[in-house]
$ cat upload01.pdb   # PDB, C-alpha atoms
MODEL        1
ATOM      1  CA  HIS A  24       8.394  99.967 -39.820
ATOM      2  CA  TYR A  25       4.735 100.431 -38.909
ATOM      3  CA  LEU A  26       4.567  96.944 -37.373
ATOM      4  CA  THR A  27       6.960  98.035 -34.634
ATOM      5  CA  HIS A  28       4.341 100.557 -33.435
ATOM      6  CA  TYR A  29       1.436  98.072 -33.338
ATOM      7  CA  PRO A  30       2.044  96.692 -29.806
ATOM      8  CA  TRP A  31       1.959 100.203 -28.329
ATOM      9  CA  LEU A  32      -1.162 101.089 -30.350
ATOM     10  CA  ILE A  33      -2.912  97.866 -29.318
ATOM     11  CA  LEU A  34      -2.176  98.520 -25.643
ATOM     12  CA  HIS A  35      -3.597 102.031 -25.840
ATOM     13  CA  PHE A  36      -6.505 101.553 -28.275
ATOM     14  CA  GLY A  37      -7.349  97.843 -28.164
ATOM     15  CA  PRO A  38      -7.772  95.738 -31.312
ATOM     16  CA  LEU A  39      -6.908  97.782 -34.398
ATOM     17  CA  ILE A  40      -9.686  96.375 -36.569
ATOM     18  CA  LYS A  41     -11.555  99.689 -36.567
ATOM     19  CA  VAL A  42      -8.601 101.953 -37.453
ATOM     20  CA  TRP A  43      -6.998 100.426 -40.534
ATOM     21  CA  THR A  44      -6.437 102.673 -43.569
ATOM     22  CA  LEU A  45      -7.889 100.308 -46.169
ATOM     23  CA  ARG A  46     -11.374 101.388 -45.070
ATOM     24  CA  PHE A  47     -10.602 104.899 -46.334
ATOM     25  CA  GLU A  48      -9.321 103.461 -49.607
ATOM     26  CA  SER A  49     -12.586 101.562 -49.952
ATOM     27  CA  LYS A  50     -14.575 104.766 -49.405
ATOM     28  CA  HIS A  51     -12.427 106.546 -52.002
ATOM     29  CA  GLN A  52     -13.201 103.770 -54.510
ATOM     30  CA  TYR A  53     -16.920 104.580 -54.141
ATOM     31  CA  PHE A  54     -16.352 108.209 -55.163
ATOM     32  CA  LYS A  55     -14.150 107.178 -58.093
ATOM     33  CA  ARG A  56     -16.890 104.814 -59.273
ATOM     34  CA  VAL A  57     -19.531 107.581 -59.057
ATOM     35  CA  VAL A  58     -17.401 109.940 -61.143
ATOM     36  CA  LYS A  59     -16.806 107.246 -63.768
ATOM     37  CA  HIS A  60     -20.462 106.246 -64.089
ATOM     38  CA  CYS A  61     -22.144 109.650 -63.970
ATOM     39  CA  GLY A  62     -19.867 111.255 -66.599
ATOM     40  CA  ASN A  63     -20.805 114.726 -65.321
ATOM     41  CA  PHE A  64     -17.738 116.814 -64.483
ATOM     42  CA  ILE A  65     -19.559 120.116 -63.961
ATOM     43  CA  ASN A  66     -19.543 120.893 -60.224
ATOM     44  CA  ILE A  67     -18.258 117.406 -59.418
ATOM     45  CA  THR A  68     -18.170 118.037 -55.655
ATOM     46  CA  SER A  69     -21.922 118.673 -55.622
ATOM     47  CA  THR A  70     -22.550 115.518 -57.660
ATOM     48  CA  LEU A  71     -20.455 113.429 -55.274
ATOM     49  CA  ALA A  72     -22.083 114.947 -52.170
ATOM     50  CA  ASN A  73     -25.620 114.345 -53.497
ATOM     51  CA  SER A  74     -24.831 110.792 -54.560
ATOM     52  CA  HIS A  75     -23.261 109.980 -51.195
ATOM     53  CA  GLN A  76     -26.192 111.450 -49.230
ATOM     54  CA  MET A  77     -28.647 109.402 -51.304
ATOM     55  CA  LEU A  78     -26.640 106.250 -50.542
ATOM     56  CA  GLN A  79     -26.572 107.065 -46.806
ATOM     57  CA  ALA A  80     -30.345 107.689 -46.775
ATOM     58  CA  TYR A  81     -30.943 104.376 -48.554
ATOM     59  CA  GLN A  82     -28.767 102.443 -46.108
ATOM     60  CA  ILE A  83     -30.409 103.983 -43.044
ATOM     61  CA  GLU A  84     -33.921 103.437 -44.404
ATOM     62  CA  THR A  85     -33.311  99.768 -45.266
ATOM     63  CA  ASN A  86     -31.761  98.885 -41.863
ATOM     64  CA  PHE A  87     -28.447  98.223 -43.554
ATOM     65  CA  PHE A  88     -26.567  98.406 -40.263
ATOM     66  CA  ASN A  89     -26.497  95.417 -37.936
ATOM     67  CA  PRO A  90     -27.826  95.588 -34.376
ATOM     68  CA  ASP A  91     -25.325  96.058 -31.539
ATOM     69  CA  VAL A  92     -25.571  92.426 -30.403
ATOM     70  CA  GLN A  93     -25.972  89.296 -32.501
ATOM     71  CA  CYS A  94     -26.051  85.942 -30.750
ATOM     72  CA  VAL A  95     -24.435  83.488 -33.166
ATOM     73  CA  SER A  96     -24.437  80.048 -31.525
ATOM     74  CA  SER A  97     -26.112  78.879 -28.349
ATOM     75  CA  TYR A  98     -25.236  76.414 -25.593
ATOM     76  CA  GLY A  99     -27.350  73.921 -23.774
ATOM     77  CA  SER A 100     -27.635  74.375 -20.038
ATOM     78  CA  LYS A 101     -25.235  71.628 -18.852
ATOM     79  CA  PHE A 102     -22.041  73.010 -17.350
ATOM     80  CA  SER A 103     -19.431  71.832 -14.903
ATOM     81  CA  ALA A 104     -20.147  72.241 -11.203
ATOM     82  CA  GLU A 105     -17.379  74.840 -11.045
ATOM     83  CA  VAL A 106     -19.021  77.034 -13.702
ATOM     84  CA  CYS A 107     -22.455  76.621 -12.097
ATOM     85  CA  SER A 108     -21.137  77.680  -8.694
ATOM     86  CA  ALA A 109     -19.338  80.658 -10.293
ATOM     87  CA  LEU A 110     -22.601  81.805 -11.887
ATOM     88  CA  LEU A 111     -24.452  81.396  -8.593
ATOM     89  CA  SER A 112     -21.767  83.376  -6.749
ATOM     90  CA  PHE A 113     -22.552  86.316  -9.073
ATOM     91  CA  ASN A 114     -26.312  85.943  -8.339
ATOM     92  CA  HIS A 115     -27.243  84.446 -11.723
ATOM     93  CA  ASP A 116     -29.734  81.596 -11.651
ATOM     94  CA  ILE A 117     -29.017  79.139 -14.472
ATOM     95  CA  SER A 118     -32.712  78.484 -15.101
ATOM     96  CA  GLN A 119     -33.296  82.187 -15.915
ATOM     97  CA  CYS A 120     -30.385  82.571 -18.377
ATOM     98  CA  VAL A 121     -29.829  81.756 -22.034
ATOM     99  CA  PHE A 122     -26.252  80.709 -22.837
ATOM    100  CA  TYR A 123     -24.140  81.363 -25.941
ATOM    101  CA  LYS A 124     -20.786  80.204 -27.335
ATOM    102  CA  LYS A 125     -20.293  83.072 -29.758
ATOM    103  CA  ILE A 126     -21.524  86.695 -29.817
ATOM    104  CA  VAL A 127     -20.993  89.575 -32.239
ATOM    105  CA  PHE A 128     -20.998  92.835 -30.265
ATOM    106  CA  LYS A 129     -20.766  96.134 -32.177
ATOM    107  CA  GLY A 130     -19.134  94.369 -35.117
ATOM    108  CA  THR A 131     -16.517  92.474 -33.069
ATOM    109  CA  GLU A 132     -16.860  88.705 -32.748
ATOM    110  CA  TYR A 133     -16.257  87.189 -29.314
ATOM    111  CA  ALA A 134     -16.075  83.432 -28.786
ATOM    112  CA  VAL A 135     -15.435  80.981 -25.975
ATOM    113  CA  GLY A 136     -11.698  80.577 -25.404
ATOM    114  CA  LYS A 137     -10.762  84.074 -26.613
ATOM    115  CA  TYR A 138      -9.363  86.781 -24.339
ATOM    116  CA  ILE A 139     -10.766  90.214 -23.511
ATOM    117  CA  VAL A 140      -9.143  93.086 -21.615
ATOM    118  CA  LEU A 141     -10.726  93.614 -18.196
ATOM    119  CA  GLU A 142      -8.441  96.333 -16.819
ATOM    120  CA  LYS A 143      -5.028  97.945 -17.190
ATOM    121  CA  LEU A 144      -2.563  98.081 -14.292
ATOM    122  CA  HIS A 145       0.465 100.230 -15.219
ATOM    123  CA  ASP A 146       2.274  98.085 -17.830
ATOM    124  CA  ASP A 147       0.275  94.948 -17.004
ATOM    125  CA  LEU A 148      -3.155  93.957 -18.245
ATOM    126  CA  VAL A 149      -5.803  91.859 -16.538
ATOM    127  CA  LEU A 150      -7.261  89.609 -19.210
ATOM    128  CA  GLY A 151     -10.333  87.426 -19.122
ATOM    129  CA  ASN A 152     -10.485  84.075 -20.909
ATOM    130  CA  ILE A 153     -14.098  83.736 -22.039
ATOM    131  CA  VAL A 154     -15.894  80.736 -20.519
ATOM    132  CA  LEU A 155     -19.425  81.512 -21.718
ATOM    133  CA  PHE A 156     -21.883  84.269 -22.578
ATOM    134  CA  PHE A 157     -25.334  84.499 -21.091
ATOM    135  CA  ALA A 158     -28.392  86.692 -21.440
ATOM    136  CA  LYS A 159     -30.593  87.583 -18.506
ATOM    137  CA  ASN A 160     -33.290  90.278 -18.678
ATOM    138  CA  SER A 161     -31.989  91.353 -22.134
ATOM    139  CA  VAL A 162     -28.507  92.088 -20.728
ATOM    140  CA  ILE A 163     -25.655  90.122 -22.313
ATOM    141  CA  SER A 164     -22.934  89.202 -19.818
ATOM    142  CA  VAL A 165     -19.744  87.198 -20.038
ATOM    143  CA  LEU A 166     -18.175  84.814 -17.524
ATOM    144  CA  VAL A 167     -14.364  84.810 -17.709
ATOM    145  CA  THR A 168     -11.382  83.408 -15.863
ATOM    146  CA  LYS A 169      -8.937  86.154 -14.860
ATOM    147  CA  HIS A 170      -5.291  86.142 -15.964
ATOM    148  CA  THR A 171      -2.489  88.704 -15.789
ATOM    149  CA  ALA A 172      -0.423  89.632 -18.839
ATOM    150  CA  ARG A 173       2.938  91.367 -18.507
ATOM    151  CA  LEU A 174       4.320  93.615 -21.248
ATOM    152  CA  LEU A 175       7.721  92.618 -22.608
ATOM    153  CA  PRO A 176       8.793  95.911 -24.226
ATOM    154  CA  GLN A 177      11.973  94.517 -25.768
ATOM    155  CA  TYR A 178       9.816  92.172 -27.888
ATOM    156  CA  GLY A 179       6.683  94.307 -28.075
ATOM    157  CA  ILE A 180       4.466  91.433 -26.864
ATOM    158  CA  LEU A 181       2.472  90.400 -23.817
ATOM    159  CA  GLU A 182       3.390  87.359 -21.720
ATOM    160  CA  LEU A 183       0.400  85.604 -20.200
ATOM    161  CA  GLU A 184       0.915  84.522 -16.599
ATOM    162  CA  ARG A 185      -1.309  81.602 -15.730
ATOM    163  CA  SER A 186      -2.207  81.302 -12.081
ATOM    164  CA  LYS A 187      -2.719  77.960 -10.351
ATOM    165  CA  SER A 188      -6.055  78.983  -8.868
ATOM    166  CA  VAL A 189      -8.986  79.797 -11.116
ATOM    167  CA  GLU A 190     -10.651  83.131 -10.399
ATOM    168  CA  TYR A 191     -13.922  83.895 -12.190
ATOM    169  CA  GLU A 192     -15.349  87.284 -13.019
ATOM    170  CA  CYS A 193     -18.683  88.208 -14.517
ATOM    171  CA  THR A 194     -19.179  91.434 -16.480
ATOM    172  CA  SER A 195     -21.642  92.807 -18.991
ATOM    173  CA  LEU A 196     -20.479  93.322 -22.570
ATOM    174  CA  SER A 197     -21.499  96.971 -22.474
ATOM    175  CA  SER A 198     -19.098  97.640 -19.581
ATOM    176  CA  LEU A 199     -15.984  96.521 -21.480
ATOM    177  CA  HIS A 200     -13.316  99.237 -21.795
ATOM    178  CA  SER A 201     -12.997  98.667 -25.534
ATOM    179  CA  PHE A 202     -15.076  96.469 -27.758
TER     180      PHE A 202
ENDMDL
END
$ encode --input "upload01.pdb" --output "structure tokens"
Amino acid sequence: HYLTHYPWLILHFGPLIKVWTLRFESKHQYFKRVVKHCGNFINITSTLANSHQMLQAYQIETNFFNPDVQCVSSYGSKFSAEVCSALLSFNHDISQCVFYKKIVFKGTEYAVGKYIVLEKLHDDLVLGNIVLFFAKNSVISVLVTKHTARLLPQYGILELERSKSVEYECTSLSSLHSF
């Protein structure tokens, strides 16, 4: 039953990787483990709160959390003339940029050939097929080809409409509507 609601949720909230319930089950397992190992049942809520705060302090102190952007694999600097002219049309000089095939941004992995949501138009979405990532002046940007996707509510899916002409768009990763 819950799968029938996923298309609507994905349209409104983006990828559901950050809202699944198993994460809460995993957190609950931590507290069950603490209770089992400490063996102290007097004021158990205080014991759990102290143990959890100590864990949080340890993780923050040891830089447990990953940075916002991780550049996974890099490109050379040889691209088709079409891609080079698209970059130049957005005022990006190829000699001043570093190019990447795959980026992890705020825990979500983006790769060449995948699609990202650029904007929402009523029931349609404007998607971008990732061509490449590039860094210039410590700002990570993405070059995409634009496509329109139409919602088919009777099936709960999106139909990608491919246009005959290729239209490029360049945007920074931080300006995405949902990562």
$ residues_around --input "upload01.pdb" --residues "Glu182 of chain A" --least-positions-apart "6" --cutoff "8 Å" --atoms "all atoms listed in the file" --output "count of residues only"
4
$ residues_around --input "upload01.pdb" --residues "segment 69-75 of chain A" --least-positions-apart "2" --cutoff "12 Å" --atoms "only C-alpha atoms" --output "PDB file with C-alpha atoms, keeping the file's coordinate frame"
ATOM      1  CA  LYS A  50     -14.575 104.766 -49.405  1.00  0.00           C
ATOM      2  CA  HIS A  51     -12.427 106.546 -52.002  1.00  0.00           C
ATOM      3  CA  TYR A  53     -16.920 104.580 -54.141  1.00  0.00           C
ATOM      4  CA  PHE A  54     -16.352 108.209 -55.163  1.00  0.00           C
ATOM      5  CA  LYS A  55     -14.150 107.178 -58.093  1.00  0.00           C
ATOM      6  CA  ARG A  56     -16.890 104.814 -59.273  1.00  0.00           C
ATOM      7  CA  VAL A  57     -19.531 107.581 -59.057  1.00  0.00           C
ATOM      8  CA  VAL A  58     -17.401 109.940 -61.143  1.00  0.00           C
ATOM      9  CA  LYS A  59     -16.806 107.246 -63.768  1.00  0.00           C
ATOM     10  CA  HIS A  60     -20.462 106.246 -64.089  1.00  0.00           C
ATOM     11  CA  CYS A  61     -22.144 109.650 -63.970  1.00  0.00           C
ATOM     12  CA  GLY A  62     -19.867 111.255 -66.599  1.00  0.00           C
ATOM     13  CA  ASN A  63     -20.805 114.726 -65.321  1.00  0.00           C
ATOM     14  CA  PHE A  64     -17.738 116.814 -64.483  1.00  0.00           C
ATOM     15  CA  ILE A  65     -19.559 120.116 -63.961  1.00  0.00           C
ATOM     16  CA  ASN A  66     -19.543 120.893 -60.224  1.00  0.00           C
ATOM     17  CA  ILE A  67     -18.258 117.406 -59.418  1.00  0.00           C
ATOM     18  CA  MET A  77     -28.647 109.402 -51.304  1.00  0.00           C
ATOM     19  CA  LEU A  78     -26.640 106.250 -50.542  1.00  0.00           C
ATOM     20  CA  GLN A  79     -26.572 107.065 -46.806  1.00  0.00           C
ATOM     21  CA  ALA A  80     -30.345 107.689 -46.775  1.00  0.00           C
ATOM     22  CA  TYR A  81     -30.943 104.376 -48.554  1.00  0.00           C
ATOM     23  CA  GLN A  82     -28.767 102.443 -46.108  1.00  0.00           C
TER      24      GLN A  82
END
$ closest_residue --input "upload01.pdb" --among "A:Ser186, A:Asn160, A:Thr131, A:Thr68" --to "Asp116 of chain A" --atoms "all atoms listed in the file"
A:Asn160
$ atom_distance --input "upload01.pdb" --atom1 "atom CA of Lys125 of chain A" --atom2 "atom CA of Phe157 of chain A"
10.1 Å
$ atom_distance --input "upload01.pdb" --atom1 "atom CA of Ser103 of chain A" --atom2 "atom CA of His200 of chain A"
28.9 Å
$ atom_distance --input "upload01.pdb" --atom1 "atom CA of Ile126 of chain A" --atom2 "atom CA of Val165 of chain A"
10.0 Å
$ residues_around --input "upload01.pdb" --residues "Lys143 of chain A" --least-positions-apart "2" --cutoff "12 Å" --atoms "only C-alpha atoms" --output "list in words"
Leu34, His35, Phe36, Gly37, Ile139, Val140, Leu141, His145, Asp146, Asp147, Leu148, Val149, Leu150, Gly151, His170, Thr171, Ala172, Arg173, Leu174, Leu199, His200 and Ser201 of chain A
$ residues_around --input "upload01.pdb" --residues "segment 105-114 of chain A" --least-positions-apart "2" --cutoff "8 Å" --atoms "all atoms listed in the file" --output "PDB file with C-alpha atoms, in the frame of the given file"
ATOM      1  CA  PHE A 102     -22.041  73.010 -17.350  1.00  0.00           C
ATOM      2  CA  SER A 103     -19.431  71.832 -14.903  1.00  0.00           C
ATOM      3  CA  ASP A 116     -29.734  81.596 -11.651  1.00  0.00           C
ATOM      4  CA  ILE A 117     -29.017  79.139 -14.472  1.00  0.00           C
ATOM      5  CA  LEU A 166     -18.175  84.814 -17.524  1.00  0.00           C
ATOM      6  CA  TYR A 191     -13.922  83.895 -12.190  1.00  0.00           C
ATOM      7  CA  CYS A 193     -18.683  88.208 -14.517  1.00  0.00           C
TER       8      CYS A 193
END
$ resolve_selection --input "upload01.pdb" --expression "the PyMOL selection byres ((chain A and resi 164) around 6)" --output "list in words"
Phe156, Phe157, Ile163, Val165, Thr194, Ser195 and Leu196 of chain A
$ residues_near_point --input "upload01.pdb" --point "(-15.0, 82.4, -29.8)" --cutoff "12 Å" --atoms "only C-alpha atoms" --output "list in words"
Cys94, Val95, Ser96, Ser97, Tyr123, Lys124, Lys125, Ile126, Val127, Thr131, Glu132, Tyr133, Ala134, Val135, Gly136, Lys137, Tyr138, Ile139, Asn152, Ile153, Val154, Leu155, Phe156 and Val165 of chain A
$ residues_around --input "upload01.pdb" --residues "Lys159 of chain A" --least-positions-apart "6" --cutoff "7 Å" --atoms "all atoms listed in the file" --output "ChimeraX atom specification"
/A:119-121
$ closest_residue --input "upload01.pdb" --among "A:Ala158, A:Ser49, A:Ile180, A:Ser198" --to "Ile33 of chain A" --atoms "all atoms listed in the file"
A:Ile180
